[in-house]
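Text of final_38.tsv (TSV, C-alpha atoms) as supplied:
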```tsv
chain	number	residue	atom	x	y	z
A	21	GLU	CA	-9.32	-13.81	-21.33
A	22	THR	CA	-6.04	-15.47	-22.24
A	23	SER	CA	-4.50	-18.93	-22.01
A	24	ARG	CA	-2.41	-17.67	-19.06
A	25	ASP	CA	-5.45	-16.77	-16.94
A	26	PHE	CA	-6.50	-19.38	-14.38
A	27	GLN	CA	-8.63	-20.05	-11.31
A	28	VAL	CA	-8.02	-22.81	-8.76
A	29	GLY	CA	-10.76	-23.73	-6.29
A	30	LEU	CA	-12.51	-26.26	-4.11
A	31	SER	CA	-15.66	-26.26	-6.28
A	32	LYS	CA	-16.60	-25.46	-9.87
A	33	ALA	CA	-17.20	-21.80	-10.64
A	34	TRP	CA	-19.80	-20.51	-13.11
A	35	HIS	CA	-17.25	-20.41	-15.96
A	36	ASN	CA	-16.49	-24.14	-15.66
A	37	LEU	CA	-12.76	-23.43	-15.98
A	38	THR	CA	-11.87	-24.10	-12.34
A	39	GLN	CA	-8.86	-26.28	-11.66
A	40	LEU	CA	-10.36	-28.41	-8.89
A	41	VAL	CA	-8.10	-29.39	-6.00
A	42	GLU	CA	-8.64	-30.69	-2.48
A	43	VAL	CA	-6.45	-28.01	-0.88
A	44	VAL	CA	-5.80	-24.58	-2.41
A	45	GLY	CA	-2.38	-23.20	-1.51
A	46	ALA	CA	0.13	-20.51	-2.40
A	47	GLU	CA	1.97	-22.97	-4.63
A	48	HIS	CA	-0.89	-22.68	-7.12
A	49	PHE	CA	0.29	-19.16	-7.85
A	50	PRO	CA	3.40	-18.98	-10.04
A	51	GLU	CA	6.47	-17.41	-8.48
A	52	ILE	CA	6.80	-13.82	-9.64
A	53	VAL	CA	10.11	-11.98	-9.59
A	54	ALA	CA	11.34	-8.54	-10.65
A	55	SER	CA	13.54	-8.92	-13.70
A	56	PRO	CA	16.01	-6.17	-14.76
A	57	LEU	CA	14.91	-4.28	-17.84
A	58	THR	CA	17.38	-4.25	-20.73
A	59	TYR	CA	17.59	-2.64	-24.14
A	60	THR	CA	19.92	-2.79	-27.13
A	61	VAL	CA	22.06	-0.17	-28.80
A	62	GLY	CA	23.18	-1.68	-32.05
A	63	GLU	CA	24.35	-5.13	-30.94
A	64	GLU	CA	25.17	-4.06	-27.40
A	65	LEU	CA	22.79	-5.18	-24.62
A	66	ARG	CA	22.46	-2.65	-21.81
A	67	GLU	CA	20.63	-2.73	-18.48
A	68	TRP	CA	18.29	0.12	-17.62
A	69	PRO	CA	19.37	1.16	-14.10
A	70	GLY	CA	16.61	0.97	-11.52
A	71	MET	CA	14.01	-0.39	-13.95
A	72	THR	CA	12.45	-3.85	-13.62
A	73	VAL	CA	9.47	-5.77	-14.94
A	74	PRO	CA	7.60	-8.54	-13.03
A	75	ILE	CA	8.06	-11.96	-14.63
A	76	SER	CA	6.17	-15.20	-14.03
A	77	THR	CA	8.88	-17.82	-13.64
A	78	ASP	CA	6.80	-20.72	-14.99
A	79	ASP	CA	6.62	-19.31	-18.52
A	80	GLY	CA	9.15	-16.48	-18.36
A	81	LEU	CA	6.64	-13.88	-19.57
A	82	PRO	CA	5.81	-10.48	-18.04
A	83	VAL	CA	2.78	-10.14	-15.76
A	84	GLY	CA	2.95	-6.37	-15.41
A	85	THR	CA	4.60	-3.21	-16.64
A	86	ALA	CA	8.09	-1.80	-16.19
A	87	SER	CA	8.61	0.15	-12.98
A	88	GLY	CA	11.27	2.18	-11.22
A	89	ASP	CA	12.51	2.17	-7.65
A	90	SER	CA	9.43	4.01	-6.35
A	91	TYR	CA	7.18	1.02	-7.13
A	92	THR	CA	6.83	-1.87	-4.66
A	93	LEU	CA	6.25	-5.32	-6.16
A	94	PHE	CA	3.70	-7.17	-4.00
A	95	THR	CA	3.10	-10.67	-5.33
A	96	PRO	CA	0.13	-12.94	-4.59
A	97	ARG	CA	2.42	-15.39	-2.76
A	98	GLU	CA	3.57	-12.56	-0.51
A	99	ALA	CA	-0.05	-11.60	0.15
A	100	MET	CA	-0.90	-15.17	1.15
A	101	ALA	CA	2.15	-15.46	3.42
A	102	TYR	CA	1.13	-12.26	5.18
A	103	LEU	CA	-2.53	-13.27	5.60
A	104	SER	CA	-1.55	-16.74	6.83
A	105	GLU	CA	0.30	-15.05	9.68
A	106	VAL	CA	-2.53	-12.61	10.40
A	107	LEU	CA	-5.16	-15.37	10.42
A	108	ALA	CA	-3.08	-17.81	12.47
A	109	GLY	CA	-5.25	-19.07	15.30
A	110	THR	CA	-8.43	-18.26	13.38
A	111	GLY	CA	-10.18	-21.09	11.56
A	112	HIS	CA	-9.73	-20.45	7.85
A	113	LYS	CA	-9.00	-22.08	4.51
A	114	VAL	CA	-8.45	-20.90	0.95
A	115	GLU	CA	-11.49	-21.44	-1.26
A	116	SER	CA	-10.33	-19.87	-4.50
A	117	LEU	CA	-7.40	-18.08	-6.11
A	118	GLY	CA	-6.40	-17.05	-9.57
A	119	MET	CA	-4.91	-14.56	-12.00
A	120	ILE	CA	-6.78	-12.63	-14.70
A	121	PHE	CA	-6.16	-10.02	-17.41
A	122	ASN	CA	-3.16	-11.96	-18.73
A	123	ARG	CA	-1.97	-12.46	-15.13
A	124	SER	CA	-1.71	-8.72	-14.49
A	125	ARG	CA	-4.20	-9.04	-11.59
A	126	TRP	CA	-4.56	-11.66	-8.85
A	127	PHE	CA	-7.08	-12.68	-6.20
A	128	VAL	CA	-7.51	-15.12	-3.33
A	129	THR	CA	-10.56	-15.81	-1.15
A	130	TYR	CA	-10.42	-17.30	2.35
A	131	SER	CA	-13.41	-18.73	4.21
A	132	LEU	CA	-13.35	-17.71	7.86
A	133	ASP	CA	-14.62	-21.00	9.22
A	134	GLU	CA	-14.37	-19.96	12.85
A	135	LEU	CA	-17.08	-17.36	12.23
A	136	ALA	CA	-19.41	-19.68	10.31
A	137	GLY	CA	-21.23	-20.76	13.47
A	138	VAL	CA	-22.29	-17.21	14.28
A	139	ALA	CA	-23.18	-16.10	10.75
A	140	PRO	CA	-26.85	-15.50	9.89
A	141	ASP	CA	-28.57	-18.16	7.79
A	142	GLY	CA	-27.53	-17.90	4.16
A	143	GLU	CA	-24.45	-15.83	4.90
A	144	ALA	CA	-20.80	-16.79	5.18
A	145	PHE	CA	-17.71	-14.81	6.09
A	146	LYS	CA	-15.06	-14.50	3.41
A	147	LEU	CA	-11.85	-12.52	3.23
A	148	THR	CA	-10.74	-11.68	-0.30
A	149	ALA	CA	-7.34	-10.22	-1.11
A	150	SER	CA	-6.74	-8.85	-4.59
A	151	GLY	CA	-4.35	-6.60	-6.43
A	152	GLY	CA	-2.56	-5.78	-9.65
A	153	LEU	CA	0.96	-6.18	-10.98
A	154	ASP	CA	0.63	-3.57	-13.74
A	155	LYS	CA	-0.31	-0.52	-11.63
A	156	SER	CA	-3.98	-0.99	-12.55
A	157	GLN	CA	-5.23	-2.09	-9.12
A	158	SER	CA	-3.85	-1.46	-5.65
A	159	PRO	CA	-3.80	-4.34	-3.15
A	160	SER	CA	-6.94	-4.57	-1.05
A	161	PHE	CA	-8.17	-6.97	1.65
A	162	ASN	CA	-11.97	-7.05	1.94
A	163	LEU	CA	-14.45	-8.72	4.27
A	164	THR	CA	-17.23	-10.03	2.05
A	165	HIS	CA	-19.70	-12.84	1.37
A	166	THR	CA	-18.44	-13.37	-2.20
A	167	VAL	CA	-15.98	-15.98	-3.42
A	168	ALA	CA	-13.79	-14.42	-6.11
A	169	VAL	CA	-13.53	-16.58	-9.25
A	170	CYS	CA	-13.40	-14.02	-12.09
A	171	ALA	CA	-13.08	-10.30	-12.84
A	172	ASN	CA	-16.70	-9.53	-11.92
A	173	THR	CA	-16.67	-11.35	-8.59
A	174	VAL	CA	-13.36	-9.70	-7.70
A	175	GLN	CA	-15.00	-6.30	-8.18
A	176	VAL	CA	-17.95	-7.37	-6.03
A	177	ALA	CA	-15.58	-8.58	-3.32
A	178	ARG	CA	-13.60	-5.32	-3.45
A	179	SER	CA	-16.83	-3.43	-2.71
A	180	GLY	CA	-17.02	-5.19	0.67
A	181	ARG	CA	-15.64	-3.79	3.91
A	182	ALA	CA	-12.01	-2.82	3.17
A	183	LEU	CA	-9.72	-3.98	5.97
A	184	PHE	CA	-6.62	-2.76	4.15
A	185	ALA	CA	-5.94	-0.91	0.91
A	186	SER	CA	-2.80	0.90	-0.18
A	187	LYS	CA	-0.99	2.05	-3.29
A	188	LEU	CA	2.27	0.28	-4.12
A	189	THR	CA	4.44	3.32	-3.50
A	190	LYS	CA	7.38	3.72	-1.15
A	191	GLY	CA	6.31	2.94	2.38
A	192	PHE	CA	3.87	0.22	1.30
A	193	SER	CA	5.64	-2.44	3.37
A	194	SER	CA	5.46	-0.37	6.55
A	195	ARG	CA	1.78	0.44	5.95
A	196	LEU	CA	1.05	-3.24	5.41
A	197	GLU	CA	2.85	-4.22	8.61
A	198	ALA	CA	0.98	-1.52	10.54
A	199	SER	CA	-2.34	-3.09	9.48
A	200	ARG	CA	-1.53	-6.48	11.05
A	201	ASP	CA	-3.20	-5.86	14.43
A	202	ALA	CA	-6.18	-4.08	12.91
A	203	LEU	CA	-6.86	-7.01	10.57
A	204	GLY	CA	-6.75	-9.51	13.40
A	205	GLU	CA	-8.97	-7.37	15.61
A	206	THR	CA	-11.53	-6.91	12.83
A	207	VAL	CA	-11.92	-10.65	12.38
A	208	GLY	CA	-12.33	-11.03	16.14
A	209	MET	CA	-14.85	-8.18	16.33
A	210	ALA	CA	-16.91	-9.79	13.57
A	211	ARG	CA	-17.31	-12.82	15.80
A	212	ILE	CA	-18.30	-10.73	18.84
A	213	TRP	CA	-20.74	-8.67	16.78
A	214	ASN	CA	-22.51	-11.70	15.33
A	215	GLU	CA	-22.58	-13.58	18.60
A	216	THR	CA	-24.31	-10.54	20.07
A	217	LEU	CA	-26.84	-10.45	17.23
A	218	ARG	CA	-27.58	-14.16	17.55
A	219	GLY	CA	-28.19	-13.59	21.26
A	220	LEU	CA	-30.55	-10.71	20.56
A	221	GLU	CA	-32.46	-12.75	17.99
A	222	ALA	CA	-33.19	-15.35	20.67
A	223	THR	CA	-34.45	-12.76	23.14
A	224	LYS	CA	-38.11	-11.76	23.18
A	225	ALA	CA	-38.74	-8.02	23.16
A	226	THR	CA	-41.51	-5.52	22.62
A	227	VAL	CA	-41.46	-3.27	19.58
A	228	ASN	CA	-40.34	-0.35	21.75
A	229	GLU	CA	-37.51	-2.39	23.31
A	230	ALA	CA	-36.35	-3.59	19.89
A	231	ARG	CA	-36.44	-0.02	18.59
A	232	ALA	CA	-34.31	1.14	21.53
A	233	VAL	CA	-31.75	-1.63	20.92
A	234	TYR	CA	-31.58	-0.78	17.22
A	235	ALA	CA	-31.10	2.91	17.98
```

Take the structure I supplied and represent it as structure tokens, if you would.
Amino acid sequence: ETSRDFQVGLSKAWHNLTQLVEVVGAEHFPEIVASPLTYTVGEELREWPGMTVPISTDDGLPVGTASGDSYTLFTPREAMAYLSEVLAGTGHKVESLGMIFNRSRWFVTYSLDELAGVAPDGEAFKLTASGGLDKSQSPSFNLTHTVAVCANTVQVARSGRALFASKLTKGFSSRLEASRDALGETVGMARIWNETLRGLEATKATVNEARAVYA
């Protein structure tokens, strides 16, 4: 929508605006910091206590709205650092990331390569993290088959199985940390589930036996 919006990926997306790279990493997101909010009274510059606005350090412009102490800033680089720890030991790579709506929202999609061998034909496991910096969209991590490359695909990805979702209020950090084990277990259970299904697909059964298994 604006010249600040971008998408970095391993392959061209439908919009033909993808910045193609061989490896997608957190460094493709700009660093975002909370900058103190100031105002002027006559010629005097004053700082508004407790109020900040998220700034993208590459161009110095805001990427969200002003917030007080009750709001937790959760940047896309922080999301990637967290997920890299959670997915450690699980085959994965970043397929796509970007920022949209004048950088007020962000997204990143991981392919879960370790699960690819047990996925049904035509399906692939993806983990998409997305969120907003302007209070418009809470962070969410979703298991999906969609690679996020634009606003529409982000919404499709967010309709997938939510592994974590939380508002950016006080206590967000502790809620995020508490989800660490659950996220890792979910990825592992996806593998077990699909290995079981692949085994069942290779096993002959009568209609009644198949019905019993399904039930």

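Using only C-alpha atoms, the smallest distance between any of A:Leu107, A:Leu93, A:Leu81, A:Val128 and Ala46 (chain A) comes from A:Val128.
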
Practice problem: Determine the nearest neighbour of Gly84 (chain A) from the options A:Val176, A:Val233, A:Leu117, A:Leu153, counting only C-alpha atoms. | Solution: A:Leu153

Quiz prompt | Glu67 (chain A) environment, 9 Å, only C-alpha atoms, sequence neighbours closer than 6 positions dropped, as a count of residues only | solution = 5

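Going from CA of Ala185 (chain A) to CA of Leu163 (chain A) covers 12.0 Å.
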
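CA of Leu147 (chain A) lies 27.3 Å from CA of Ala54 (chain A).
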
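Remark: for Arg195 (chain A), the closest of the candidate residues A:Pro159, A:Gly62, A:Pro69, A:Gly180 is A:Pro159 (distances computed over all atoms listed in the file).
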
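Each of A:Asp133, A:Leu183, A:Arg24, A:Glu47 was compared to Leu103 (chain A) using only C-alpha atoms, and A:Leu183 turns out to be the nearest.
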
Exercise. Quick one: pull the distance between CA of Ala168 (chain A) and CA of Tyr102 (chain A), Å, one decimal.
Key: 18.8 Å

Quiz prompt | Closest of A:Val53, A:Val61, A:Val169, A:Leu40 to Val73 (chain A) - atom-to-atom distances counting all atoms listed in the file | solution = A:Val53

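Considering the residues A:Ile75, A:Ala171, A:Ala198, A:Leu37 and counting only C-alpha atoms, Ser186 (chain A) has its shortest atom-to-atom contact with A:Ala198.
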
Write out as an mmCIF file with C-alpha atoms, in the frame of the given file which residues come within 9 Å of Val174 (chain A) when counting only C-alpha atoms, dropping same-chain ones fewer than 6 positions away.
```cif
data_model
loop_
_atom_site.group_PDB
_atom_site.id
_atom_site.type_symbol
_atom_site.label_atom_id
_atom_site.label_comp_id
_atom_site.auth_asym_id
_atom_site.auth_seq_id
_atom_site.Cartn_x
_atom_site.Cartn_y
_atom_site.Cartn_z
ATOM 1 C CA PHE A 127 -7.080 -12.680 -6.200
ATOM 2 C CA THR A 148 -10.740 -11.680 -0.300
ATOM 3 C CA ALA A 149 -7.340 -10.220 -1.110
ATOM 4 C CA SER A 150 -6.740 -8.850 -4.590
ATOM 5 C CA THR A 166 -18.440 -13.370 -2.200
ATOM 6 C CA VAL A 167 -15.980 -15.980 -3.420
ATOM 7 C CA ALA A 168 -13.790 -14.420 -6.110
#
```

Practice problem: Identify, on the basis of all atoms listed in the file, every residue whose closest approach to Ser124 (chain A) does not exceed 10 Å; exclude the query and any residue fewer than 6 positions from it along the same chain; express the result as a ChimeraX atom specification. | Solution: /A:25,74,82-85,151-157

Quiz prompt | Residue neighbourhood Glu105 (chain A), 12 Å, only C-alpha atoms, exclusion window fewer than 5 positions, as a PyMOL selection string | solution = chain A and resi 98-100+110+112+197+200-201+203-204

Could you take the residues named above and write them with C-alpha atoms, as a tab-separated table (two decimals), in the coordinates of the input?
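Dumped everything to result-v2.tsv:
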```tsv
chain	number	residue	atom	x	y	z
A	98	GLU	CA	3.57	-12.56	-0.51
A	99	ALA	CA	-0.05	-11.60	0.15
A	100	MET	CA	-0.90	-15.17	1.15
A	110	THR	CA	-8.43	-18.26	13.38
A	112	HIS	CA	-9.73	-20.45	7.85
A	197	GLU	CA	2.85	-4.22	8.61
A	200	ARG	CA	-1.53	-6.48	11.05
A	201	ASP	CA	-3.20	-5.86	14.43
A	203	LEU	CA	-6.86	-7.01	10.57
A	204	GLY	CA	-6.75	-9.51	13.40
```

Quiz item: Skipping near chain neighbours, those fewer than 6 positions away, what residues fall within 8 Å of Val114 (chain A) using only C-alpha atoms, listed as a PyMOL selection string?
Solution: chain A and resi 43-45+128-131

Is there a way to get, as a compact mmCIF listing (two decimals) with C-alpha atoms, in the frame of the given file, all residues within 9 Å of the point (-12.4, -25.8, -7.1) in file coordinates, counting all atoms listed in the file?
```txt
# COMPACT_ATOMS: atom_id res chain seq x y z
CA GLN A 27 -8.63 -20.05 -11.31
CA VAL A 28 -8.02 -22.81 -8.76
CA GLY A 29 -10.76 -23.73 -6.29
CA LEU A 30 -12.51 -26.26 -4.11
CA SER A 31 -15.66 -26.26 -6.28
CA LYS A 32 -16.60 -25.46 -9.87
CA ALA A 33 -17.20 -21.80 -10.64
CA THR A 38 -11.87 -24.10 -12.34
CA GLN A 39 -8.86 -26.28 -11.66
CA LEU A 40 -10.36 -28.41 -8.89
CA VAL A 41 -8.10 -29.39 -6.00
CA GLU A 42 -8.64 -30.69 -2.48
CA VAL A 43 -6.45 -28.01 -0.88
CA VAL A 44 -5.80 -24.58 -2.41
CA GLU A 115 -11.49 -21.44 -1.26
CA SER A 116 -10.33 -19.87 -4.50
```
